[in-house]
Each structure stands twice: as structure tokens, then as C-alpha cells.
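Below is entry.cif, holding mmCIF, C-alpha atoms.
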```cif
data_entry
loop_
_atom_site.label_atom_id
_atom_site.label_comp_id
_atom_site.auth_asym_id
_atom_site.auth_seq_id
_atom_site.Cartn_x
_atom_site.Cartn_y
_atom_site.Cartn_z
CA MET A 1 4.49 25.03 7.50
CA ASN A 2 3.79 28.79 7.06
CA ALA A 3 1.57 28.12 4.04
CA LEU A 4 -0.98 26.34 6.21
CA ALA A 5 -4.08 28.12 7.48
CA PRO A 6 -4.26 28.95 11.21
CA PRO A 7 -5.23 25.98 13.37
CA ARG A 8 -8.86 25.38 14.22
CA PRO A 9 -9.98 26.86 17.54
CA VAL A 10 -11.10 23.43 18.82
CA ARG A 11 -8.12 21.54 20.24
CA ARG A 12 -7.82 17.90 19.20
CA CYS A 13 -5.70 15.01 20.41
CA PHE A 14 -4.09 12.74 17.81
CA LEU A 15 -2.93 9.31 18.95
CA PHE A 16 -0.34 7.77 16.62
CA LEU A 17 0.19 4.01 16.34
CA GLN A 18 2.74 2.40 14.01
CA GLY A 19 3.85 4.21 10.89
CA PRO A 20 6.19 3.38 8.04
CA ALA A 21 9.85 2.89 8.94
CA SER A 22 10.64 6.50 8.16
CA ALA A 23 10.60 9.95 9.72
CA PHE A 24 7.16 10.71 8.30
CA PHE A 25 5.01 10.08 11.39
CA ALA A 26 7.42 11.91 13.69
CA ARG A 27 7.40 14.96 11.40
CA LEU A 28 3.61 14.85 11.11
CA GLY A 29 3.24 14.61 14.88
CA ALA A 30 5.57 17.57 15.40
CA ALA A 31 3.63 19.64 12.84
CA LEU A 32 0.30 18.91 14.53
CA ALA A 33 1.73 19.67 17.98
CA GLY A 34 3.16 22.93 16.67
CA ARG A 35 -0.33 23.93 15.60
CA GLY A 36 -1.76 23.47 19.09
CA HIS A 37 -3.06 19.92 18.92
CA GLY A 38 -2.37 17.22 21.47
CA VAL A 39 -0.14 14.48 20.07
CA LEU A 40 0.45 11.08 21.65
CA ARG A 41 2.23 7.96 20.49
CA VAL A 42 2.12 4.29 21.48
CA ASN A 43 5.32 2.28 20.88
CA PHE A 44 5.04 -1.47 20.42
CA ASN A 45 8.77 -2.14 20.03
CA ALA A 46 12.10 -0.34 20.19
CA GLY A 47 11.97 0.32 16.44
CA ASP A 48 8.88 2.43 17.02
CA ARG A 49 10.83 4.31 19.70
CA LEU A 50 13.71 4.93 17.27
CA PHE A 51 11.43 6.65 14.77
CA TRP A 52 9.57 8.75 17.35
CA PRO A 53 12.14 11.06 19.04
CA HIS A 54 9.54 13.19 20.84
CA PRO A 55 8.78 13.01 24.57
CA GLY A 56 5.48 11.80 25.93
CA ALA A 57 5.20 8.47 24.11
CA LEU A 58 3.75 5.40 25.83
CA ASP A 59 5.24 1.90 25.61
CA PHE A 60 2.81 -0.99 25.31
CA THR A 61 4.65 -4.06 26.62
CA GLY A 62 1.72 -6.41 27.23
CA ARG A 63 0.30 -9.36 25.33
CA PRO A 64 -1.90 -8.87 22.24
CA GLN A 65 -5.06 -9.69 24.21
CA ASP A 66 -4.18 -6.91 26.66
CA TRP A 67 -4.03 -4.29 23.92
CA PRO A 68 -7.74 -3.40 23.33
CA PRO A 69 -8.52 -2.65 26.99
CA ALA A 70 -5.19 -0.78 27.34
CA LEU A 71 -6.07 1.33 24.31
CA GLY A 72 -9.49 2.07 25.72
CA ARG A 73 -7.90 3.43 28.88
CA ILE A 74 -5.48 5.58 26.84
CA LEU A 75 -8.31 7.03 24.77
CA ARG A 76 -10.28 7.99 27.86
CA ARG A 77 -7.36 9.27 29.92
CA HIS A 78 -6.06 11.57 27.18
CA ALA A 79 -9.42 12.53 25.61
CA VAL A 80 -8.22 11.30 22.22
CA THR A 81 -10.22 12.54 19.24
CA ASP A 82 -8.25 11.04 16.34
CA LEU A 83 -6.37 7.76 15.79
CA VAL A 84 -3.57 7.81 13.18
CA LEU A 85 -1.94 4.64 11.82
CA PHE A 86 -0.25 3.10 8.79
CA SER A 87 -2.07 0.07 7.30
CA ASP A 88 -5.39 -1.07 8.71
CA CYS A 89 -4.47 -4.77 8.49
CA ARG A 90 -1.64 -5.08 11.01
CA PRO A 91 -3.06 -7.18 13.86
CA LEU A 92 -2.60 -4.51 16.53
CA HIS A 93 -4.18 -1.93 14.24
CA GLU A 94 -7.09 -4.20 13.37
CA ALA A 95 -7.73 -4.63 17.09
CA ALA A 96 -7.44 -0.88 17.71
CA ILE A 97 -9.86 0.39 15.06
CA PRO A 98 -13.12 -0.94 16.58
CA VAL A 99 -12.04 0.28 20.04
CA ALA A 100 -11.41 3.77 18.65
CA ARG A 101 -14.69 3.81 16.77
CA ALA A 102 -16.60 2.72 19.87
CA ALA A 103 -14.98 5.63 21.75
CA GLY A 104 -16.10 8.07 19.06
CA CYS A 105 -12.65 8.72 17.59
CA ALA A 106 -11.98 9.35 13.92
CA VAL A 107 -9.60 6.76 12.41
CA HIS A 108 -7.11 8.03 9.81
CA VAL A 109 -5.26 5.37 7.81
CA PHE A 110 -2.12 5.98 5.77
CA GLU A 111 -0.82 3.65 3.06
CA GLU A 112 1.37 3.70 0.00
CA GLY A 113 -0.29 5.81 -2.71
CA TYR A 114 -3.03 4.34 -4.88
CA LEU A 115 -1.43 6.39 -7.64
CA ARG A 116 2.37 6.35 -7.86
CA PRO A 117 4.84 7.93 -7.71
CA GLY A 118 4.31 11.13 -5.77
CA TRP A 119 1.20 10.32 -3.72
CA ILE A 120 0.39 9.03 -0.23
CA THR A 121 -2.95 7.42 0.59
CA LEU A 122 -4.83 8.93 3.54
CA GLU A 123 -8.42 7.85 4.15
CA GLU A 124 -10.75 7.94 7.09
CA GLY A 125 -11.83 4.50 8.31
CA GLY A 126 -9.80 2.22 6.03
CA VAL A 127 -7.85 1.80 2.81
CA ASN A 128 -7.77 -0.52 -0.20
CA ALA A 129 -10.69 -2.97 0.03
CA ARG A 130 -11.80 -1.22 3.25
CA SER A 131 -11.86 2.22 1.66
CA PRO A 132 -15.05 4.20 2.34
CA LEU A 133 -15.29 5.08 -1.36
CA PRO A 134 -18.26 3.40 -3.05
CA ARG A 135 -17.87 0.96 -5.94
CA ASP A 136 -20.40 2.85 -8.05
CA PRO A 137 -19.30 4.23 -11.44
CA ALA A 138 -22.15 6.79 -11.49
CA TRP A 139 -21.00 8.19 -8.14
CA PHE A 140 -17.46 8.74 -9.42
CA ARG A 141 -18.73 10.43 -12.60
CA GLU A 142 -20.91 12.78 -10.56
CA GLN A 143 -18.20 13.58 -7.99
CA ALA A 144 -15.67 14.35 -10.73
CA ARG A 145 -17.91 16.84 -12.55
CA HIS A 146 -16.56 19.84 -10.63
CA LEU A 147 -13.05 18.57 -9.90
CA PRO A 148 -9.97 20.02 -11.62
CA PRO A 149 -7.81 17.97 -13.97
CA GLU A 150 -5.37 15.54 -12.36
CA PRO A 151 -2.11 17.37 -11.54
CA PRO A 152 1.06 16.33 -13.35
CA GLU A 153 3.08 13.42 -12.02
CA VAL A 154 5.91 14.22 -9.60
CA ASN A 155 8.26 11.55 -8.30
CA LEU A 156 8.68 11.96 -4.54
CA SER A 157 9.22 8.30 -3.69
CA GLY A 158 12.92 8.60 -2.79
CA ARG A 159 15.80 6.21 -3.26
CA PHE A 160 15.50 2.51 -2.48
CA LEU A 161 18.77 2.68 -0.50
CA ARG A 162 17.21 5.05 2.05
CA ARG A 163 14.09 2.89 2.33
CA ALA A 164 16.21 -0.23 2.89
CA ALA A 165 18.52 1.47 5.41
CA GLU A 166 15.60 2.74 7.49
CA ASP A 167 13.94 -0.66 7.42
CA VAL A 168 17.15 -2.31 8.66
CA ALA A 169 17.56 0.32 11.39
CA TYR A 170 13.96 -0.20 12.53
CA ASN A 171 14.23 -3.98 12.75
CA LEU A 172 17.65 -4.01 14.39
CA ALA A 173 16.32 -1.64 17.05
CA ALA A 174 13.28 -3.87 17.54
CA LEU A 175 15.52 -6.91 17.99
CA ALA A 176 17.82 -5.06 20.41
CA GLY A 177 14.88 -3.95 22.54
CA ARG A 178 13.18 -7.31 22.97
CA ARG A 179 13.67 -7.35 26.74
CA ARG A 180 11.57 -4.20 27.06
CA PHE A 181 8.90 -5.54 24.63
CA PRO A 182 8.90 -9.31 25.25
CA HIS A 183 5.56 -10.00 23.53
CA TRP A 184 6.19 -8.05 20.34
CA ARG A 185 5.86 -10.06 17.11
CA THR A 186 6.31 -8.66 13.63
CA HIS A 187 3.29 -8.48 11.34
CA ARG A 188 5.44 -9.77 8.49
CA PRO A 189 5.29 -13.47 7.58
CA TRP A 190 9.11 -13.80 7.74
CA HIS A 191 11.70 -12.92 10.33
CA PRO A 192 13.43 -9.68 9.24
CA LEU A 193 16.91 -11.27 9.22
CA HIS A 194 15.58 -14.05 7.00
CA GLU A 195 14.25 -11.40 4.63
CA TYR A 196 17.57 -9.56 4.60
CA LEU A 197 19.38 -12.74 3.61
CA GLY A 198 16.94 -13.07 0.73
CA TRP A 199 17.60 -9.47 -0.27
CA LEU A 200 21.34 -10.09 -0.13
CA ARG A 201 21.03 -13.11 -2.40
CA ARG A 202 18.79 -11.19 -4.79
CA GLY A 203 21.26 -8.31 -4.88
CA LEU A 204 24.15 -10.62 -5.68
CA CYS A 205 22.17 -12.31 -8.45
CA ARG A 206 20.64 -9.11 -9.83
CA PRO A 207 23.16 -8.48 -12.67
CA LEU A 208 22.51 -11.95 -14.12
CA ALA A 209 18.75 -11.63 -13.56
CA ARG A 210 18.66 -8.24 -15.27
CA ALA A 211 20.59 -9.56 -18.24
CA ALA A 212 18.21 -12.53 -18.56
CA SER A 213 15.15 -10.26 -18.33
CA ALA A 214 16.62 -7.90 -20.93
CA ARG A 215 17.18 -10.80 -23.37
CA ARG A 216 13.61 -12.05 -22.91
CA LEU A 217 12.25 -8.53 -23.27
CA ARG A 218 14.12 -8.08 -26.57
CA ARG A 219 12.70 -11.36 -27.86
CA LEU A 220 9.19 -10.21 -26.91
CA ALA A 221 9.73 -6.93 -28.78
CA GLU A 222 10.93 -8.77 -31.88
CA ASP A 223 8.05 -11.29 -31.81
CA PRO A 224 4.67 -10.10 -33.16
CA ALA A 225 2.75 -12.57 -30.97
CA PRO A 226 0.44 -10.69 -28.55
CA PHE A 227 0.84 -11.19 -24.81
CA TRP A 228 -1.00 -10.61 -21.54
CA LEU A 229 0.71 -9.40 -18.41
CA LEU A 230 0.57 -10.65 -14.81
CA PRO A 231 2.54 -8.33 -12.47
CA LEU A 232 3.34 -10.17 -9.25
CA GLN A 233 2.52 -8.68 -5.87
CA LEU A 234 4.46 -9.19 -2.67
CA ASP A 235 3.75 -12.62 -1.27
CA GLY A 236 3.35 -11.29 2.28
CA ASP A 237 1.31 -8.20 1.32
CA TYR A 238 -1.98 -7.77 3.16
CA GLN A 239 -3.55 -7.20 -0.25
CA ILE A 240 -3.01 -10.93 -0.75
CA ARG A 241 -3.36 -12.13 2.84
CA ARG A 242 -6.52 -10.14 3.71
CA HIS A 243 -8.12 -8.93 0.49
CA SER A 244 -7.97 -11.96 -1.77
CA PRO A 245 -8.97 -15.64 -1.75
CA TYR A 246 -5.31 -16.69 -2.08
CA ALA A 247 -2.81 -17.72 0.55
CA SER A 248 0.19 -16.94 -1.67
CA MET A 249 1.21 -15.66 -5.08
CA ARG A 250 2.13 -19.24 -5.99
CA GLN A 251 -1.60 -20.05 -6.02
CA VAL A 252 -2.25 -17.00 -8.20
CA ILE A 253 0.37 -18.05 -10.74
CA LEU A 254 -0.93 -21.63 -10.92
CA GLU A 255 -4.52 -20.44 -11.43
CA VAL A 256 -3.72 -17.79 -14.03
CA VAL A 257 -1.42 -20.06 -16.05
CA ALA A 258 -4.00 -22.86 -16.00
CA SER A 259 -6.71 -20.48 -17.23
CA PHE A 260 -4.38 -19.14 -19.92
CA ALA A 261 -3.69 -22.69 -21.10
CA ARG A 262 -7.42 -23.47 -21.28
CA ALA A 263 -8.82 -20.34 -22.81
CA ALA A 264 -6.25 -17.97 -24.32
CA PRO A 265 -5.97 -17.87 -28.13
CA PRO A 266 -3.25 -20.07 -29.63
CA GLY A 267 0.02 -18.33 -30.41
CA THR A 268 -0.31 -15.82 -27.57
CA ARG A 269 1.91 -15.49 -24.52
CA LEU A 270 1.62 -14.76 -20.83
CA VAL A 271 4.31 -12.52 -19.35
CA ILE A 272 4.78 -12.69 -15.57
CA LYS A 273 6.69 -9.74 -14.10
CA GLY A 274 8.49 -9.84 -10.74
CA HIS A 275 7.83 -7.24 -8.05
CA PRO A 276 10.64 -4.69 -7.56
CA LEU A 277 10.48 -5.03 -3.73
CA ASP A 278 10.30 -8.83 -3.60
CA ASN A 279 12.64 -10.20 -0.92
CA GLY A 280 14.01 -13.03 -3.08
CA LEU A 281 12.99 -15.81 -0.67
CA VAL A 282 10.85 -17.51 -3.33
CA ARG A 283 12.36 -18.35 -6.72
CA TRP A 284 9.48 -17.14 -8.83
CA GLY A 285 11.08 -18.17 -12.10
CA ALA A 286 10.99 -21.79 -10.94
CA VAL A 287 7.36 -21.40 -9.82
CA VAL A 288 6.43 -20.05 -13.26
CA ARG A 289 8.15 -22.95 -15.04
CA GLU A 290 6.41 -25.41 -12.71
CA ALA A 291 3.02 -23.80 -13.47
CA ALA A 292 3.64 -23.96 -17.24
CA ARG A 293 4.57 -27.65 -17.05
CA ALA A 294 1.50 -28.42 -14.94
CA ALA A 295 -0.72 -26.69 -17.50
CA GLY A 296 0.92 -28.46 -20.44
CA LEU A 297 2.24 -25.25 -21.98
CA PRO A 298 5.52 -25.02 -23.89
CA ALA A 299 8.12 -22.98 -22.04
CA ASP A 300 8.10 -20.14 -24.59
CA ARG A 301 4.40 -19.34 -24.03
CA VAL A 302 4.93 -18.29 -20.40
CA VAL A 303 7.75 -15.76 -19.93
CA TYR A 304 9.09 -14.65 -16.54
CA LEU A 305 10.79 -11.25 -16.24
CA GLY A 306 12.25 -10.94 -12.78
CA GLU A 307 14.08 -7.61 -13.17
CA THR A 308 12.29 -5.17 -15.44
CA LEU A 309 10.07 -2.10 -15.27
CA LEU A 310 6.29 -2.15 -15.70
CA GLY A 311 6.08 0.80 -18.08
CA PRO A 312 7.73 -0.78 -21.14
CA LEU A 313 5.46 -3.81 -20.82
CA LEU A 314 2.14 -1.96 -20.57
CA GLY A 315 2.30 -0.44 -24.05
CA PRO A 316 2.43 -3.69 -26.05
CA ALA A 317 0.42 -5.80 -23.56
CA ARG A 318 -3.03 -6.89 -24.69
CA GLY A 319 -4.35 -6.80 -21.11
CA VAL A 320 -3.40 -7.16 -17.45
CA VAL A 321 -4.35 -9.77 -14.85
CA THR A 322 -3.87 -8.75 -11.23
CA VAL A 323 -5.13 -9.67 -7.79
CA ASN A 324 -5.60 -6.08 -6.63
CA SER A 325 -2.30 -4.30 -7.32
CA THR A 326 -1.94 -0.58 -8.02
CA ALA A 327 -0.39 -1.83 -11.28
CA GLY A 328 -3.99 -2.45 -12.32
CA LEU A 329 -4.67 1.28 -11.99
CA GLN A 330 -1.62 2.02 -14.15
CA ALA A 331 -2.92 -0.42 -16.74
CA LEU A 332 -6.37 1.21 -16.73
CA SER A 333 -4.75 4.59 -17.27
CA ALA A 334 -2.92 3.10 -20.24
CA GLY A 335 -6.27 1.95 -21.68
CA LYS A 336 -5.65 -1.75 -21.13
CA PRO A 337 -8.28 -4.35 -20.22
CA VAL A 338 -7.84 -5.39 -16.58
CA VAL A 339 -9.24 -8.25 -14.55
CA THR A 340 -8.89 -8.44 -10.77
CA LEU A 341 -8.86 -11.73 -8.86
CA GLY A 342 -9.25 -10.25 -5.37
CA HIS A 343 -11.01 -7.30 -3.75
CA ALA A 344 -9.79 -4.09 -5.37
CA LEU A 345 -10.78 -0.47 -4.87
CA TYR A 346 -11.08 0.01 -8.64
CA ASP A 347 -12.96 -3.22 -9.45
CA MET A 348 -16.24 -1.93 -10.92
CA PRO A 349 -18.17 -1.99 -14.20
CA GLY A 350 -16.63 0.29 -16.80
CA LEU A 351 -13.16 -0.10 -15.35
CA THR A 352 -12.42 -3.82 -14.98
CA TRP A 353 -13.62 -7.03 -16.61
CA GLN A 354 -16.56 -8.32 -14.60
CA GLY A 355 -16.72 -11.84 -16.01
CA ARG A 356 -14.77 -15.02 -15.40
CA LEU A 357 -11.03 -15.19 -15.97
CA ASP A 358 -11.35 -17.79 -18.76
CA ALA A 359 -13.46 -15.35 -20.78
CA PHE A 360 -11.10 -12.43 -20.18
CA TRP A 361 -8.54 -13.70 -22.69
CA THR A 362 -10.93 -13.40 -25.64
CA ARG A 363 -13.78 -11.08 -24.64
CA ALA A 364 -12.47 -8.23 -22.48
CA GLY A 365 -12.41 -4.73 -23.93
CA PRO A 366 -10.63 -1.54 -22.88
CA PRO A 367 -11.90 0.48 -19.92
CA ASP A 368 -14.10 3.55 -20.25
CA ALA A 369 -11.50 6.32 -20.58
CA ALA A 370 -13.82 8.99 -19.15
CA LEU A 371 -14.55 6.83 -16.10
CA VAL A 372 -10.83 6.15 -15.59
CA ASP A 373 -10.19 9.90 -15.63
CA ALA A 374 -13.07 10.57 -13.21
CA PHE A 375 -11.91 7.81 -10.88
CA ARG A 376 -8.35 9.13 -10.73
CA ARG A 377 -9.48 12.72 -10.08
CA VAL A 378 -11.74 11.60 -7.23
CA LEU A 379 -8.86 9.61 -5.71
CA VAL A 380 -6.65 12.70 -5.80
CA ALA A 381 -9.35 14.87 -4.21
CA ARG A 382 -10.55 12.46 -1.51
CA SER A 383 -7.98 9.77 -0.81
CA LEU A 384 -4.50 11.05 -1.65
CA VAL A 385 -2.06 13.71 -0.56
CA ARG A 386 1.01 14.71 -2.50
CA GLY A 387 4.14 13.28 -0.91
CA GLY A 388 6.26 10.26 -0.10
CA PHE A 389 7.60 8.42 2.94
CA PHE A 390 11.25 8.01 1.98
CA SER A 391 12.58 11.32 0.67
CA GLU A 392 12.95 14.73 2.30
CA ALA A 393 10.88 16.44 -0.40
CA GLY A 394 8.23 13.73 -0.15
CA ILE A 395 8.02 13.96 3.65
CA ARG A 396 7.74 17.77 3.58
CA ALA A 397 4.97 17.69 1.00
CA GLY A 398 3.21 14.77 2.68
CA VAL A 399 3.20 16.37 6.13
CA GLU A 400 1.82 19.63 4.78
CA GLY A 401 -0.91 17.87 2.81
CA ALA A 402 -1.78 15.51 5.66
CA VAL A 403 -2.13 18.36 8.17
CA ARG A 404 -4.54 20.11 5.82
CA ARG A 405 -6.55 16.95 5.31
CA LEU A 406 -6.65 16.05 9.02
CA GLU A 407 -7.66 19.53 10.13
CA ALA A 408 -10.34 19.72 7.43
CA LEU A 409 -12.07 16.62 8.82
CA PRO A 410 -14.27 17.30 11.84
CA ALA A 411 -13.23 15.63 15.06
CA ARG A 412 -15.69 12.91 16.04
CA ARG A 413 -15.32 13.71 19.71
CA VAL A 414 -13.80 16.85 21.15
CA ALA A 415 -12.09 16.72 24.53
CA GLY A 416 -14.85 18.02 26.78
CA ALA A 417 -12.73 18.12 29.90
CA SER A 418 -10.10 20.69 29.05
CA GLY A 419 -8.23 19.82 32.21
CA ARG A 420 -7.15 16.50 30.74
CA ALA A 421 -3.69 17.06 29.34
CA ALA A 422 -2.55 15.09 26.29
CA ALA A 423 1.13 14.50 25.63
CA THR A 424 2.59 16.71 22.93
CA ALA A 425 5.60 16.46 20.65
CA ASP A 426 8.14 19.22 20.95
#
```
Output the structure of this file as C-alpha cells.
Amino acid sequence: MNALAPPRPVRRCFLFLQGPASAFFARLGAALAGRGHGVLRVNFNAGDRLFWPHPGALDFTGRPQDWPPALGRILRRHAVTDLVLFSDCRPLHEAAIPVARAAGCAVHVFEEGYLRPGWITLEEGGVNARSPLPRDPAWFREQARHLPPEPPEVNLSGRFLRRAAEDVAYNLAALAGRRRFPHWRTHRPWHPLHEYLGWLRRGLCRPLARAASARRLRRLAEDPAPFWLLPLQLDGDYQIRRHSPYASMRQVILEVVASFARAAPPGTRLVIKGHPLDNGLVRWGAVVREAARAAGLPADRVVYLGETLLGPLLGPARGVVTVNSTAGLQALSAGKPVVTLGHALYDMPGLTWQGRLDAFWTRAGPPDAALVDAFRRVLVARSLVRGGFFSEAGIRAGVEGAVRRLEALPARRVAGASGRAAATAD
């Protein structure tokens, strides 16, 4: 951390809540403590404990309704100036944010990068549909006028095996520590062991699924018929559960296929791509076939690719339909028409189709390339830091960038009573 500027003279206290199942939050806390800031952590389960090896953490073992008043006491007792958390939609985090704001604390929210790979999202107040960025094209053009070009892409995302191993370690620790945290409930819609069984089944079936996707992809490449692309999002993602009108991706598929059947030009196709991190609990190929039958479409007009990359599909695709995925940003960068069905950070005139879905198939045009460039440069300057959660290089870069960003933001409330000691990470 020698490249960082000296710490600010005003001492701050950062309270960490849940982070990703990785070493990132622990490393960030240690870096902030090493620069003279107070650092505190609240653990909600034994998995949180596992990924925070520093002394001075607090265990919250009460019921969900006990959490807001408990947090208020923590904020006052330790003169907290800044709240740090991953995802603003987890129930305990949603409950914490208004308490922190009422106490005058800044709220810093981490998420997976809006641009990938090689970036981490870090915004004050909220992310995704709750981002403080306006939805005004003119604002982005003006803000980008004096910004440098977007830096080259660097992949810092890390290997899937590490991500999976750390997730398993986190959840096994949480299960083993249930006696200490009797009221803890996961924010995920499925029990972790249920998810792991789905992953196991998907892994066993992956060679056959990849071969089937490769055959369908070859047929698409050999067929001159144009196609539109629907990349699936994770069924349990808060982007679907909180920031869209849908309860599940099944509803999205049924709606999009029905619209395609009604309004898309004859002889065109709809390609539905599986998500690389899907847990395999839903057989999406069967859902796609069911949707095509319900819409009266022949099977060859709706193609499901369960195991393939997004990049090779974007080039030939006529356009992209998404709820609010970061795949939509990739499609905009590739110059493709995009329509969003939920609340998306990038849903604004000049970037995405603003009309009804039925009209998208025949009337949507490409995005404004200059606005896409301005939007991406503003994201890099205001909402992203270089890094990743699941690789050593990504964590090092992310911690350094996050410390700079956090120290550059003014503390909302500085600890007036210097005698109040906040816990620090060694």
C-alpha cells in the first residue's frame, strides 16, 4: 500500500457488514486500520467470522427485528462515520442503511462490477437501480467531457474454482455455527446444500450440455436467418427480485417468447443463453421449449444455449433483450440495440429502446456510440475501482483502489469524542 497518499488527519471509523465470500473485506479492513482509521465488523453467522480473522468484531445473534436498534447502539458507541457492505438488497443491509443515514454515516456499497472483467462497483448510497447516478444522457455527456479514455480491459476476476471453494467454506462454517447464531437465515432463495446438489448435477451434465450448445451454435452460424438474444440472469438475483416486475426468470422467458411470436419478423430466431453461474436447479431448456409451445412457435425458432459464452453471440445478434443485466452494457458497447424489462442503471434515451417490447423487434436502432462511450467513462470515474473479489491480483488492486475512493469521500460525521475507542483490525 506504499503507493497510497498519507492518511487524512481526521480519523474515521468504518463499520463493515457482510461482504462477498472472499478475503476482500478482511484485506480492506486491515488496509484502512493500517492507515489509522477505526475498523469494526459485525458478524451475522460463523461464515462471516471465518472471513474476518481480525480481533474486535461483534457478533449479532438476535432476531431480525432486533437488528436496527442494535445497530444504532453500535454506531453511537463506536462513533462510526462510515458503513461498508456488499449488496444493498440483503435484508439485514436494507434494514441497516436507513439507520446509518439517520445517524449521519456515509454508506458505501460494493457489488460485482458494472463493467466486467476487471472492475468492482463501489458507490455511496446504493448500487444498480439504487445508484445515485442520474438517468440523464446530457449529464453523462457533460461529465465525460474532461474524463480520460476508458483504460484497457484487464481480467482480474479469478478462477471459478476459487470462488466456488470459498462459497462452500463460508456456508459450511455458517451451518456449523448455527448454535451461536440461531436466528440467522440466508438471503438466498435456496438452502446452500440444495444449491450445491444442483451445481453437482450441472457439472456432471456439462460435457453433454456443452456439446449440444456447440452444435446449435454451429447451426446458427451456418444459417443466414437473423436472431435476437436473451441472456438469462440468475433466478435468485436481487436484480430480478428487487429491481424488476418479475418473480422469476421463467416469467421473463414466457413474456419475451410470447412477444417474439406476436411481433418479430417471420424467419427470425430468438436465442436464449444460460447464465454461467446458474445453479442448475431449474432446467431452463425445458422452460424455453414450454414457452415456445405456449406461443405456437416451431422449436427451431427459439434456441436455447445452456453452455456458451456471450461474446461470440453478440457479434451476429440483431439486438439484445434483458431485464437489467450487465450483459446489456456489453451489448451497448458492441453497438447492439438493447431493451430492458426492469430497472437498469443504463436504461435511458440514447442507450436503450424506450418503447414497448413488441415494437423492439422491428423498430429499435443501435445506441448512440458517443453516449455509450461517455457513460462507460463516467462509470469508471465515479462508480468503479479496478479489481476483483476472487483472485490475489484482483484483491490487491481492489483494496488499493477502494482505500483511495473511501478516503477521498468526506466523512458525513466525524467522531467528536476522541475518547471513544473503535475496534481496529491488526
Neighbour list for A:Pro224 as a ChimeraX atom specification, cut-off 12 Å, all atoms listed in the file, skip fewer than 3 positions in-chain: /A:218-221,227,267-269,316-318
Quick one: which residues end up in the PyMOL selection byres ((chain A and resi 42) around 8) for this structure, as a list in words?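 Selection result, ordered by chain and number: Leu15, Phe16, Leu17, Gln18, Leu40, Arg41, Asn43, Phe44, Ala57, Leu58, Asp59 and Phe60 of chain A.
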Mind dumping a table of every stretch 84-163 of chain A residue within 10 Å of stretch 23-28 of chain A, with the nearest atom pair and its distance in Å to one decimal, using only C-alpha atoms, sorted by chain and rising number, as a tab-separated table?
```
residue	atom	partner	partner_atom	distance
A:Val84	CA	A:Phe25	CA	9.1
A:Leu85	CA	A:Phe25	CA	8.8
A:Phe86	CA	A:Phe25	CA	9.1
A:Phe110	CA	A:Phe25	CA	10.0
```
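Between atom CA of A:Glu123 and atom CA of A:Val385 the interatomic distance comes to 9.8 Å.
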How would you write as a PDB file with C-alpha atoms, keeping the file's coordinate frame the residues that get within 7 Å of (3.1, -11.9, -14.4) in the file's frame, counting all atoms listed in the file?
```
ATOM      1  CA  LEU A 229       0.710  -9.400 -18.410  1.00  0.00           C
ATOM      2  CA  LEU A 230       0.570 -10.650 -14.810  1.00  0.00           C
ATOM      3  CA  PRO A 231       2.540  -8.330 -12.470  1.00  0.00           C
ATOM      4  CA  LEU A 232       3.340 -10.170  -9.250  1.00  0.00           C
ATOM      5  CA  VAL A 271       4.310 -12.520 -19.350  1.00  0.00           C
ATOM      6  CA  ILE A 272       4.780 -12.690 -15.570  1.00  0.00           C
ATOM      7  CA  LYS A 273       6.690  -9.740 -14.100  1.00  0.00           C
ATOM      8  CA  GLY A 274       8.490  -9.840 -10.740  1.00  0.00           C
ATOM      9  CA  TYR A 304       9.090 -14.650 -16.540  1.00  0.00           C
TER      10      TYR A 304
END
```
I need the residue nearest A:Val256 from this list: A:Val39, A:Leu409, A:Ala286, A:Leu270. Use only C-alpha atoms for the distance. A:Leu270
Mind pulling up the distance from atom CA of A:Val107 to atom CA of A:Leu83?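 Value for the atom CA of A:Leu83-atom CA of A:Val107 distance: 4.8 Å.
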Distance query A:Ala129 at most 9 Å, only C-alpha atoms, self and fewer than 5 positions along chain excluded, as an MDAnalysis selection string: chainID A and resid 239 243 324 343:345
Identify which of the residues A:Thr322, A:Asn45, A:Gln330, A:Asn155 lies closest to A:Ser391, counting all atoms listed in the file when measuring atom-to-atom distances. A:Asn155
Selection near A:Ala381, 10 Å with only C-alpha atoms, sequence-local residues under 3 positions removed, as a VMD selection string: chain A and resid 143 to 144 147 to 148 150 376 to 378 384 to 385
